[in-house]
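Pasting data_32.cif here (mmCIF, C-alpha atoms):
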```cif
data_coords
loop_
_atom_site.group_PDB
_atom_site.id
_atom_site.type_symbol
_atom_site.label_atom_id
_atom_site.label_comp_id
_atom_site.auth_asym_id
_atom_site.auth_seq_id
_atom_site.Cartn_x
_atom_site.Cartn_y
_atom_site.Cartn_z
ATOM 1 C CA MET W 29 0.000 0.000 0.000
ATOM 2 C CA VAL W 30 2.851 2.391 0.733
ATOM 3 C CA ALA W 31 4.252 1.752 -2.743
ATOM 4 C CA LEU W 32 0.862 2.148 -4.408
ATOM 5 C CA GLU W 33 0.383 5.468 -2.651
ATOM 6 C CA ARG W 34 3.849 6.685 -3.670
ATOM 7 C CA ALA W 35 3.149 5.664 -7.245
ATOM 8 C CA GLY W 36 -0.161 7.542 -7.166
ATOM 9 C CA ILE W 37 -2.243 4.436 -7.878
ATOM 10 C CA PRO W 38 -5.753 4.609 -6.308
ATOM 11 C CA VAL W 39 -6.952 1.443 -4.555
ATOM 12 C CA GLU W 40 -10.610 0.500 -4.285
ATOM 13 C CA ARG W 41 -10.146 -2.861 -2.557
ATOM 14 C CA TYR W 42 -7.031 -4.588 -1.191
ATOM 15 C CA VAL W 43 -6.971 -8.239 -0.082
ATOM 16 C CA ALA W 44 -3.894 -9.691 1.644
ATOM 17 C CA TYR W 45 -2.787 -13.228 2.505
ATOM 18 C CA GLU W 46 -0.339 -13.182 5.419
ATOM 19 C CA ILE W 47 0.157 -15.378 8.497
ATOM 20 C CA ASN W 48 2.669 -13.383 10.538
ATOM 21 C CA LYS W 49 0.631 -11.823 13.354
ATOM 22 C CA GLN W 50 3.014 -8.948 13.985
ATOM 23 C CA SER W 51 3.179 -8.014 10.307
ATOM 24 C CA ILE W 52 -0.614 -8.079 10.162
ATOM 25 C CA ALA W 53 -0.769 -5.817 13.217
ATOM 26 C CA VAL W 54 1.513 -3.269 11.559
ATOM 27 C CA SER W 55 -0.549 -3.398 8.376
ATOM 28 C CA LYS W 56 -3.845 -2.940 10.230
ATOM 29 C CA LYS W 57 -2.476 0.046 12.134
ATOM 30 C CA HIS W 58 -1.760 1.955 8.938
ATOM 31 C CA TYR W 59 -4.364 0.517 6.578
ATOM 32 C CA PRO W 60 -7.411 -0.801 8.469
ATOM 33 C CA ASN W 61 -9.331 -1.230 5.203
ATOM 34 C CA ILE W 62 -7.030 -4.039 4.015
ATOM 35 C CA GLU W 63 -8.901 -7.367 4.102
ATOM 36 C CA HIS W 64 -6.679 -9.949 5.785
ATOM 37 C CA LYS W 65 -7.348 -13.547 4.779
ATOM 38 C CA GLY W 66 -4.561 -15.377 6.641
ATOM 39 C CA ASP W 67 -3.044 -18.569 5.192
ATOM 40 C CA VAL W 68 -2.937 -18.672 1.391
ATOM 41 C CA ASN W 69 -2.924 -22.482 1.321
ATOM 42 C CA GLY W 70 -6.285 -23.696 0.074
ATOM 43 C CA ALA W 71 -7.522 -20.208 -0.788
ATOM 44 C CA ASP W 72 -10.376 -19.883 -3.265
ATOM 45 C CA PHE W 73 -9.255 -17.125 -5.594
ATOM 46 C CA SER W 74 -12.394 -17.240 -7.736
ATOM 47 C CA GLU W 75 -14.005 -14.552 -5.569
ATOM 48 C CA TYR W 76 -11.371 -12.084 -6.822
ATOM 49 C CA ILE W 77 -12.144 -12.414 -10.520
ATOM 50 C CA GLY W 78 -12.257 -8.876 -11.852
ATOM 51 C CA PHE W 79 -9.372 -7.577 -9.712
ATOM 52 C CA ASP W 80 -6.877 -5.475 -11.649
ATOM 53 C CA LEU W 81 -3.573 -6.244 -9.935
ATOM 54 C CA LEU W 82 -1.969 -9.284 -8.309
ATOM 55 C CA ILE W 83 1.276 -8.808 -6.379
ATOM 56 C CA GLY W 84 3.233 -11.380 -4.415
ATOM 57 C CA GLY W 85 6.531 -12.894 -3.433
ATOM 58 C CA SER W 86 6.840 -16.454 -2.185
ATOM 59 C CA PRO W 87 9.470 -17.469 0.420
ATOM 60 C CA CYS W 88 12.980 -17.696 -1.015
ATOM 61 C CA GLN W 89 14.621 -20.034 1.518
ATOM 62 C CA ASP W 90 14.574 -23.045 -0.813
ATOM 63 C CA LEU W 91 15.755 -20.957 -3.768
ATOM 64 C CA SER W 92 18.434 -18.639 -2.438
ATOM 65 C CA GLY W 93 21.988 -19.582 -3.306
ATOM 66 C CA LEU W 94 23.055 -17.897 -0.068
ATOM 67 C CA ASN W 95 20.878 -19.989 2.232
ATOM 68 C CA THR W 96 22.179 -23.312 3.584
ATOM 69 C CA VAL W 97 19.595 -24.014 6.282
ATOM 70 C CA TYR W 98 17.021 -25.477 3.902
ATOM 71 C CA ARG W 99 19.449 -27.002 1.416
ATOM 72 C CA LYS W 100 18.394 -30.657 1.500
ATOM 73 C CA ASP W 101 17.735 -32.937 -1.436
ATOM 74 C CA TYR W 102 14.017 -33.105 -0.705
ATOM 75 C CA GLU W 103 13.545 -29.418 0.136
ATOM 76 C CA THR W 104 15.215 -27.416 -2.619
ATOM 77 C CA GLY W 105 13.838 -25.296 -5.403
ATOM 78 C CA LEU W 106 10.195 -24.677 -6.168
ATOM 79 C CA LYS W 107 9.266 -28.000 -4.566
ATOM 80 C CA GLY W 108 10.735 -26.955 -1.223
ATOM 81 C CA LYS W 109 8.440 -26.762 1.794
ATOM 82 C CA LYS W 110 8.563 -22.950 1.814
ATOM 83 C CA SER W 111 9.183 -21.884 -1.770
ATOM 84 C CA ARG W 112 6.447 -24.150 -3.117
ATOM 85 C CA LEU W 113 4.061 -21.350 -2.144
ATOM 86 C CA PHE W 114 4.966 -19.932 -5.549
ATOM 87 C CA TYR W 115 2.307 -22.228 -6.968
ATOM 88 C CA ALA W 116 -0.356 -20.526 -4.850
ATOM 89 C CA TYR W 117 0.586 -17.351 -6.717
ATOM 90 C CA VAL W 118 0.285 -19.221 -10.023
ATOM 91 C CA ASP W 119 -3.162 -20.470 -8.966
ATOM 92 C CA ALA W 120 -4.247 -16.930 -8.135
ATOM 93 C CA LEU W 121 -2.908 -15.602 -11.438
ATOM 94 C CA GLN W 122 -4.622 -18.258 -13.532
ATOM 95 C CA THR W 123 -7.905 -18.048 -11.622
ATOM 96 C CA VAL W 124 -8.250 -14.274 -11.309
ATOM 97 C CA ASN W 125 -6.582 -13.381 -14.624
ATOM 98 C CA PRO W 126 -5.900 -9.800 -13.511
ATOM 99 C CA LYS W 127 -4.932 -7.061 -15.937
ATOM 100 C CA PHE W 128 -1.511 -6.766 -14.313
ATOM 101 C CA PHE W 129 0.721 -8.832 -12.046
ATOM 102 C CA LEU W 130 4.020 -8.491 -10.207
ATOM 103 C CA PHE W 131 5.999 -11.345 -8.661
ATOM 104 C CA GLU W 132 9.308 -11.028 -6.792
ATOM 105 C CA ASN W 133 11.973 -13.437 -5.648
ATOM 106 C CA VAL W 134 15.678 -13.628 -4.899
ATOM 107 C CA ALA W 135 18.158 -13.088 -7.740
ATOM 108 C CA SER W 136 20.650 -15.695 -6.513
ATOM 109 C CA MET W 137 18.488 -18.698 -7.434
ATOM 110 C CA LYS W 138 19.626 -21.311 -9.935
ATOM 111 C CA ALA W 139 18.919 -20.629 -13.595
ATOM 112 C CA GLU W 140 16.665 -23.677 -13.823
ATOM 113 C CA TRP W 141 14.370 -22.320 -11.103
ATOM 114 C CA ARG W 142 14.361 -18.841 -12.623
ATOM 115 C CA ASP W 143 13.447 -20.366 -15.982
ATOM 116 C CA ALA W 144 10.684 -22.451 -14.389
ATOM 117 C CA ILE W 145 9.119 -19.330 -12.872
ATOM 118 C CA THR W 146 9.454 -17.543 -16.201
ATOM 119 C CA ALA W 147 7.696 -20.405 -17.970
ATOM 120 C CA GLU W 148 4.807 -20.318 -15.496
ATOM 121 C CA LEU W 149 4.361 -16.545 -15.578
ATOM 122 C CA GLY W 150 5.054 -16.025 -19.281
ATOM 123 C CA VAL W 151 7.370 -13.029 -18.923
ATOM 124 C CA GLU W 152 11.107 -12.571 -18.470
ATOM 125 C CA PRO W 153 12.203 -11.050 -15.137
ATOM 126 C CA ILE W 154 14.057 -7.809 -14.656
ATOM 127 C CA MET W 155 16.775 -7.723 -11.983
ATOM 128 C CA ILE W 156 16.732 -4.576 -9.877
ATOM 129 C CA ASN W 157 19.181 -3.921 -7.047
ATOM 130 C CA SER W 158 17.656 -1.911 -4.209
ATOM 131 C CA ALA W 159 21.063 -0.259 -3.908
ATOM 132 C CA LEU W 160 19.919 2.117 -6.645
ATOM 133 C CA VAL W 161 17.320 3.699 -4.344
ATOM 134 C CA SER W 162 18.650 2.898 -0.870
ATOM 135 C CA ALA W 163 21.765 2.139 1.190
ATOM 136 C CA GLN W 164 21.114 -1.617 0.963
ATOM 137 C CA GLU W 165 22.494 -4.145 -1.509
ATOM 138 C CA ARG W 166 19.442 -6.217 -2.415
ATOM 139 C CA LYS W 167 19.297 -7.907 -5.818
ATOM 140 C CA ARG W 168 15.829 -9.182 -6.661
ATOM 141 C CA LEU W 169 14.101 -10.531 -9.759
ATOM 142 C CA TYR W 170 10.745 -9.044 -10.734
ATOM 143 C CA TRP W 171 8.374 -10.741 -13.153
ATOM 144 C CA THR W 172 5.643 -8.389 -14.371
ATOM 145 C CA ASN W 173 3.496 -7.460 -17.348
ATOM 146 C CA ILE W 174 3.433 -3.821 -16.272
ATOM 147 C CA PRO W 175 4.836 -1.999 -19.306
ATOM 148 C CA LYS W 176 8.027 -0.009 -19.650
ATOM 149 C CA VAL W 177 9.783 -1.198 -16.492
ATOM 150 C CA THR W 178 13.321 0.166 -16.457
ATOM 151 C CA GLN W 179 16.118 0.490 -13.923
ATOM 152 C CA PRO W 180 15.526 3.229 -11.310
ATOM 153 C CA ALA W 181 17.938 6.136 -11.304
ATOM 154 C CA ASP W 182 20.889 5.649 -8.959
ATOM 155 C CA ARG W 183 20.467 7.988 -5.996
ATOM 156 C CA GLY W 184 23.955 7.265 -4.661
ATOM 157 C CA ILE W 185 22.729 6.666 -1.097
ATOM 158 C CA VAL W 186 25.136 5.149 1.457
ATOM 159 C CA LEU W 187 24.758 4.270 5.114
ATOM 160 C CA GLU W 188 25.852 7.640 6.445
ATOM 161 C CA ASP W 189 22.918 9.199 4.566
ATOM 162 C CA ILE W 190 20.320 7.232 6.543
ATOM 163 C CA ILE W 191 22.081 6.488 9.834
ATOM 164 C CA LEU W 192 20.878 7.999 13.113
ATOM 165 C CA HIS W 193 23.205 10.176 15.181
ATOM 166 C CA ALA W 194 25.250 8.073 17.611
ATOM 167 C CA ASP W 195 24.161 10.160 20.598
ATOM 168 C CA THR W 196 20.521 9.189 20.015
ATOM 169 C CA ILE W 197 21.130 5.411 19.936
ATOM 170 C CA PRO W 198 20.082 3.573 23.139
ATOM 171 C CA GLU W 199 22.791 1.530 24.836
ATOM 172 C CA LYS W 200 21.051 -1.783 24.099
ATOM 173 C CA TYR W 201 22.098 -1.518 20.446
ATOM 174 C CA TRP W 202 25.851 -1.212 21.144
ATOM 175 C CA TYR W 203 28.452 -4.000 21.450
ATOM 176 C CA ARG W 204 30.864 -2.183 23.712
ATOM 177 C CA ASP W 205 31.920 -5.331 25.598
ATOM 178 C CA ARG W 206 33.150 -7.111 22.474
ATOM 179 C CA LYS W 207 36.573 -6.720 20.944
ATOM 180 C CA TYR W 208 36.675 -6.248 17.194
ATOM 181 C CA THR W 209 39.593 -6.413 14.797
ATOM 182 C CA ILE W 210 39.491 -3.901 11.966
ATOM 183 C CA HIS W 211 40.511 -5.195 8.542
ATOM 184 C CA GLY W 212 39.381 -5.545 4.949
ATOM 185 C CA GLU W 213 40.089 -3.962 1.613
ATOM 186 C CA ASP W 214 38.459 -0.626 0.824
ATOM 187 C CA ASP W 215 36.924 -0.714 4.318
ATOM 188 C CA ARG W 216 33.935 -2.641 2.978
ATOM 189 C CA VAL W 217 34.479 -5.400 5.527
ATOM 190 C CA ILE W 218 35.988 -3.557 8.425
ATOM 191 C CA ALA W 219 35.633 -5.730 11.512
ATOM 192 C CA THR W 220 35.070 -9.215 12.873
ATOM 193 C CA LEU W 221 34.824 -10.453 16.418
ATOM 194 C CA ASP W 222 38.072 -11.680 17.941
ATOM 195 C CA GLU W 223 38.573 -15.267 19.102
ATOM 196 C CA GLY W 224 36.650 -16.225 22.195
ATOM 197 C CA HIS W 225 33.242 -15.398 20.746
ATOM 198 C CA LEU W 226 30.871 -17.716 18.924
ATOM 199 C CA PHE W 227 31.727 -18.203 15.265
ATOM 200 C CA SER W 228 28.088 -17.485 14.388
ATOM 201 C CA GLU W 229 28.630 -13.951 15.657
ATOM 202 C CA ASN W 230 31.661 -13.429 13.447
ATOM 203 C CA LYS W 231 29.719 -11.205 11.096
ATOM 204 C CA ARG W 232 30.615 -8.291 8.883
ATOM 205 C CA VAL W 233 30.475 -4.789 10.223
ATOM 206 C CA PHE W 234 29.809 -2.121 7.622
ATOM 207 C CA ASN W 235 31.530 1.182 7.058
ATOM 208 C CA LEU W 236 29.136 4.126 6.876
ATOM 209 C CA LYS W 237 30.772 5.240 3.615
ATOM 210 C CA HIS W 238 29.322 2.181 1.886
ATOM 211 C CA LYS W 239 26.067 0.253 1.664
ATOM 212 C CA CYS W 240 25.109 -2.630 3.927
ATOM 213 C CA GLY W 241 24.260 -6.127 2.801
ATOM 214 C CA THR W 242 20.795 -7.522 2.183
ATOM 215 C CA LEU W 243 18.486 -7.312 5.182
ATOM 216 C CA CYS W 244 17.250 -10.682 6.409
ATOM 217 C CA GLY W 245 13.867 -11.713 7.715
ATOM 218 C CA ASP W 246 14.293 -14.961 9.623
ATOM 219 C CA GLY W 247 16.396 -14.385 12.721
ATOM 220 C CA ALA W 248 16.971 -10.736 11.859
ATOM 221 C CA GLY W 249 16.887 -9.719 15.497
ATOM 222 C CA GLY W 250 19.810 -11.989 16.430
ATOM 223 C CA ASN W 251 23.150 -12.807 14.848
ATOM 224 C CA LEU W 252 21.942 -11.883 11.371
ATOM 225 C CA GLN W 253 21.317 -8.321 12.491
ATOM 226 C CA LYS W 254 23.371 -5.867 10.436
ATOM 227 C CA LYS W 255 26.123 -4.055 12.326
ATOM 228 C CA VAL W 256 27.897 -0.771 11.660
ATOM 229 C CA PHE W 257 31.032 0.938 12.888
ATOM 230 C CA GLN W 258 30.183 4.386 14.275
ATOM 231 C CA ASN W 259 32.159 6.777 16.480
ATOM 232 C CA GLY W 260 34.821 4.143 17.163
ATOM 233 C CA ALA W 261 32.379 1.440 18.308
ATOM 234 C CA VAL W 262 30.224 -1.288 16.805
ATOM 235 C CA ARG W 263 26.442 -1.441 17.089
ATOM 236 C CA LYS W 264 23.521 -3.114 15.391
ATOM 237 C CA LEU W 265 21.185 -1.103 13.225
ATOM 238 C CA THR W 266 17.986 0.118 14.838
ATOM 239 C CA PRO W 267 14.511 -0.713 13.494
ATOM 240 C CA VAL W 268 14.172 2.833 12.158
ATOM 241 C CA GLU W 269 17.397 2.414 10.187
ATOM 242 C CA TYR W 270 16.088 -0.903 8.854
ATOM 243 C CA GLU W 271 12.954 0.960 7.749
ATOM 244 C CA ARG W 272 15.052 3.555 5.964
ATOM 245 C CA LEU W 273 17.022 0.822 4.187
ATOM 246 C CA GLN W 274 13.720 -0.507 2.827
ATOM 247 C CA THR W 275 12.571 3.082 2.106
ATOM 248 C CA LEU W 276 9.692 2.804 4.560
ATOM 249 C CA PRO W 277 8.547 5.803 6.616
ATOM 250 C CA ASP W 278 10.300 6.206 9.964
ATOM 251 C CA ASN W 279 8.607 4.213 12.761
ATOM 252 C CA TYR W 280 6.304 2.457 10.292
ATOM 253 C CA THR W 281 6.685 -0.846 12.176
ATOM 254 C CA GLU W 282 6.527 0.714 15.647
ATOM 255 C CA GLY W 283 4.158 -1.023 18.037
ATOM 256 C CA VAL W 284 5.625 -4.548 17.990
ATOM 257 C CA ALA W 285 8.847 -5.903 19.523
ATOM 258 C CA ASP W 286 12.151 -5.031 17.836
ATOM 259 C CA SER W 287 12.746 -8.632 16.786
ATOM 260 C CA HIS W 288 9.401 -8.693 14.969
ATOM 261 C CA ARG W 289 10.113 -5.319 13.395
ATOM 262 C CA TYR W 290 13.415 -6.595 11.981
ATOM 263 C CA THR W 291 11.737 -9.740 10.645
ATOM 264 C CA ALA W 292 8.848 -7.912 9.022
ATOM 265 C CA ILE W 293 11.116 -5.347 7.385
ATOM 266 C CA GLY W 294 13.628 -7.928 6.185
ATOM 267 C CA ASN W 295 10.862 -10.077 4.712
ATOM 268 C CA GLY W 296 9.318 -7.113 2.923
ATOM 269 C CA TRP W 297 9.990 -5.316 -0.329
ATOM 270 C CA THR W 298 11.973 -2.147 -0.935
ATOM 271 C CA VAL W 299 9.104 0.319 -1.247
ATOM 272 C CA ASP W 300 10.696 2.699 -3.734
ATOM 273 C CA VAL W 301 11.584 -0.156 -6.107
ATOM 274 C CA ILE W 302 7.969 -1.348 -6.106
ATOM 275 C CA ALA W 303 6.650 2.207 -6.509
ATOM 276 C CA HIS W 304 8.996 2.629 -9.478
ATOM 277 C CA ILE W 305 7.617 -0.524 -11.134
ATOM 278 C CA LEU W 306 3.985 0.333 -10.347
ATOM 279 C CA GLY W 307 4.522 3.749 -11.888
ATOM 280 C CA GLY W 308 4.278 2.061 -15.266
ATOM 281 C CA LEU W 309 0.535 1.657 -14.684
ATOM 282 C CA HIS W 310 0.103 5.334 -15.501
ATOM 283 C CA ASP W 311 1.068 4.575 -19.094
ATOM 284 C CA VAL W 312 -1.788 2.121 -19.708
#
```
Target encoding structure tokens, full file:
Amino acid sequence: MVALERAGIPVERYVAYEINKQSIAVSKKHYPNIEHKGDVNGADFSEYIGFDLLIGGSPCQDLSGLNTVYRKDYETGLKGKKSRLFYAYVDALQTVNPKFFLFENVASMKAEWRDAITAELGVEPIMINSALVSAQERKRLYWTNIPKVTQPADRGIVLEDIILHADTIPEKYWYRDRKYTIHGEDDRVIATLDEGHLFSENKRVFNLKHKCGTLCGDGAGGNLQKKVFQNGAVRKLTPVEYERLQTLPDNYTEGVADSHRYTAIGNGWTVDVIAHILGGLHDV
């Protein structure tokens, strides 16, 4: 809805399938008119015949080349227990037959899975990196029949453009008791935890002169939380900074716990990328 508003697209009726309670709560706070239908499994899409636009993005865990948690012989690709939800989108598309559609998924998937999605949807994807409109590296594939979709203009945004002032950051976000070693070429990877800490916490810390890596959904409040080096110390990004990286309004996800805010934001779309794509609807 934020993207539709930014693109200047009026909405008469909006139906959403979502099971995360905290994400639903955030949505209801801002857009109480959205009709929430819960689990998409088993949905009867025939009641939506006549709708103009279908948007969606199925889970990427079984598709992402960067994810090892779900990489098992019987759980990979579009047949995986999470990413198979793609076929619910296909069902909706074939049943509703909307004028326009938009589907998103991770760019790091195997070519065979990308080609399978292309065959189902009947259009070639365009890869857009959210880095063009934000301080986050986030390469995603977008399949759509919205006309004239091009690359957004590069705004040249880096972390220091969206970061909060260090003096305003509560102490709970800082890692002052942990010793970091500074290293890395071009200061892109500038610090890792020294020996004595869990290997799972040995994560990259980003320089404010550059962009941060892709925000994560699952586990985003823990070790996957993005960290930055600011004023000689390391801290994790705040929820507001996560919102800015996804080009959401400040405090959009306020009202639920931080961990749920990180998850919802990481699982979402970069608003300005979607608004850019939806802008093509003005030409039809």
- Message: Please expand the PyMOL selection byres ((chain W and resi 301-307) around 7) into the concrete residues it hits in this file, giving the result as a list in words.
- Response: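 Given this file, the PyMOL selection byres ((chain W and resi 301-307) around 7) evaluates to Ala31, Leu32, Arg34, Ala35, Ser158, Val177, Pro180, Thr298, Val299, Asp300, Gly308, Leu309 and His310 of chain W.
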Take every atom of range 119-125 of chain W listed in the file, pad by 5 Å on each side, and give me the axis-aligned box centre and edge lengths in Å, one decimal, as JSON.
```
{"center_x": -5.6, "center_y": -16.9, "center_z": -11.4, "size_x": 15.3, "size_y": 17.1, "size_z": 16.5}
```
- Item | Using all atoms listed in the file: which of W:Gly241, W:Gly150, W:Gly78, W:Gly260 has the shortest distance to Arg204 in chain W |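 Smallest distance to Arg204 in chain W is found for W:Gly260.
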- Item | Counting only C-alpha atoms, the option among W:Asn125, W:Asn61, W:Gln253, W:Gln50 closest to Phe73 in chain W |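 So, comparing all the options, the nearest one is W:Asn125.
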- Task: Compile the contact shell of range 266-280 of chain W as a list in words: residues with an atom at most 7 Å away, counting all atoms listed in the file, same-chain residues fewer than 4 positions apart removed.
- Result: Ser162, Ala163, Gln164, Ile190, Ile191, Asp286, Arg289, Tyr290, Ile293, Trp297, Thr298, Val299 and Asp300 of chain W
- Message: Could you tell me how far CA of Glu63 in chain W sits from CA of Ala44 in chain W, in Å to one decimal place?
- Response: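 Here the two named atoms are 6.0 Å from each other.
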- Query: Which residues, written as a PyMOL selection string, have at least one atom at most 8 Å from Leu187 in chain W, with only C-alpha atoms counted and residues fewer than 2 positions away on the same chain left out?
  - Reply: chain W and resi 163+185+189-191+235-240
Let me see the file: selected residues, C-alpha atoms, as a compact mmCIF listing (two decimals), in the frame of the given file.
```txt
# COMPACT_ATOMS: atom_id res chain seq x y z
CA ALA W 163 21.76 2.14 1.19
CA ILE W 185 22.73 6.67 -1.10
CA ASP W 189 22.92 9.20 4.57
CA ILE W 190 20.32 7.23 6.54
CA ILE W 191 22.08 6.49 9.83
CA ASN W 235 31.53 1.18 7.06
CA LEU W 236 29.14 4.13 6.88
CA LYS W 237 30.77 5.24 3.62
CA HIS W 238 29.32 2.18 1.89
CA LYS W 239 26.07 0.25 1.66
CA CYS W 240 25.11 -2.63 3.93
```
- Just give me the gap between CA of Ile154 in chain W and CA of Arg168 in chain W in Å, one decimal is fine.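 It comes out at 8.3 Å.
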What's around Lys127 in chain W at 10 Å? Count all atoms listed in the file, leave out sequence neighbours fewer than 2 positions away in its own chain, and write the answer as a PDB file with C-alpha atoms, keeping the file's coordinate frame.
```pdb
ATOM      1  CA  GLY W  78     -12.257  -8.876 -11.852  1.00  0.00           C
ATOM      2  CA  PHE W  79      -9.372  -7.577  -9.712  1.00  0.00           C
ATOM      3  CA  ASP W  80      -6.877  -5.475 -11.649  1.00  0.00           C
ATOM      4  CA  LEU W  81      -3.573  -6.244  -9.935  1.00  0.00           C
ATOM      5  CA  LEU W  82      -1.969  -9.284  -8.309  1.00  0.00           C
ATOM      6  CA  LEU W 121      -2.908 -15.602 -11.438  1.00  0.00           C
ATOM      7  CA  VAL W 124      -8.250 -14.274 -11.309  1.00  0.00           C
ATOM      8  CA  ASN W 125      -6.582 -13.381 -14.624  1.00  0.00           C
ATOM      9  CA  PHE W 129       0.721  -8.832 -12.046  1.00  0.00           C
ATOM     10  CA  ASN W 173       3.496  -7.460 -17.348  1.00  0.00           C
ATOM     11  CA  ILE W 174       3.433  -3.821 -16.272  1.00  0.00           C
TER      12      ILE W 174
END
```
- In Å and to one decimal, CA of Asn69 in chain W is distant from CA of Val118 in chain W by 12.2 Å
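Neighbouring residues of range 141-145 of chain W at 10 Å or closer, counting all atoms listed in the file and skipping chain neighbours under 2 positions away, are W:Leu91, W:Thr104, W:Gly105, W:Leu106, W:Phe114, W:Tyr115, W:Val118, W:Phe131, W:Asn133, W:Val134, W:Ala135, W:Ser136, W:Met137, W:Lys138, W:Ala139, W:Ala147, W:Glu148, W:Leu149, W:Gly150, W:Val151, W:Glu152, W:Pro153, W:Leu169, W:Trp171.
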- Item | Chain and number of each residue from the PyMOL selection byres ((chain W and resi 41) around 8), as JSON, numbers by chain | {"W": [39, 40, 42, 43, 61, 62]}
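Distance check against Tyr76 in chain W using only C-alpha atoms: of W:Ala194, W:Val256, W:Ala120, W:Met155, the minimum falls on W:Ala120.
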- Task: Do a neighbour search on Ile52 in chain W at 12 Å with all atoms listed in the file, toss out local chain neighbours closer than 2 positions, and write the hits as a list in words.
- Result: Ala44, Tyr45, Glu46, Ile47, Asn48, Lys49, Gln50, Val54, Ser55, Lys56, Lys57, His58, Tyr59, Pro60, Ile62, Glu63, His64, Lys65, Gly66, Asp67, Thr281, Gly283, Val284, His288, Arg289 and Ala292 of chain W
- Residues selected by the PyMOL selection byres ((chain W and resi 262) around 10), written as a PyMOL selection string: chain W and resi 201-208+219+233-234+255-261+263-265
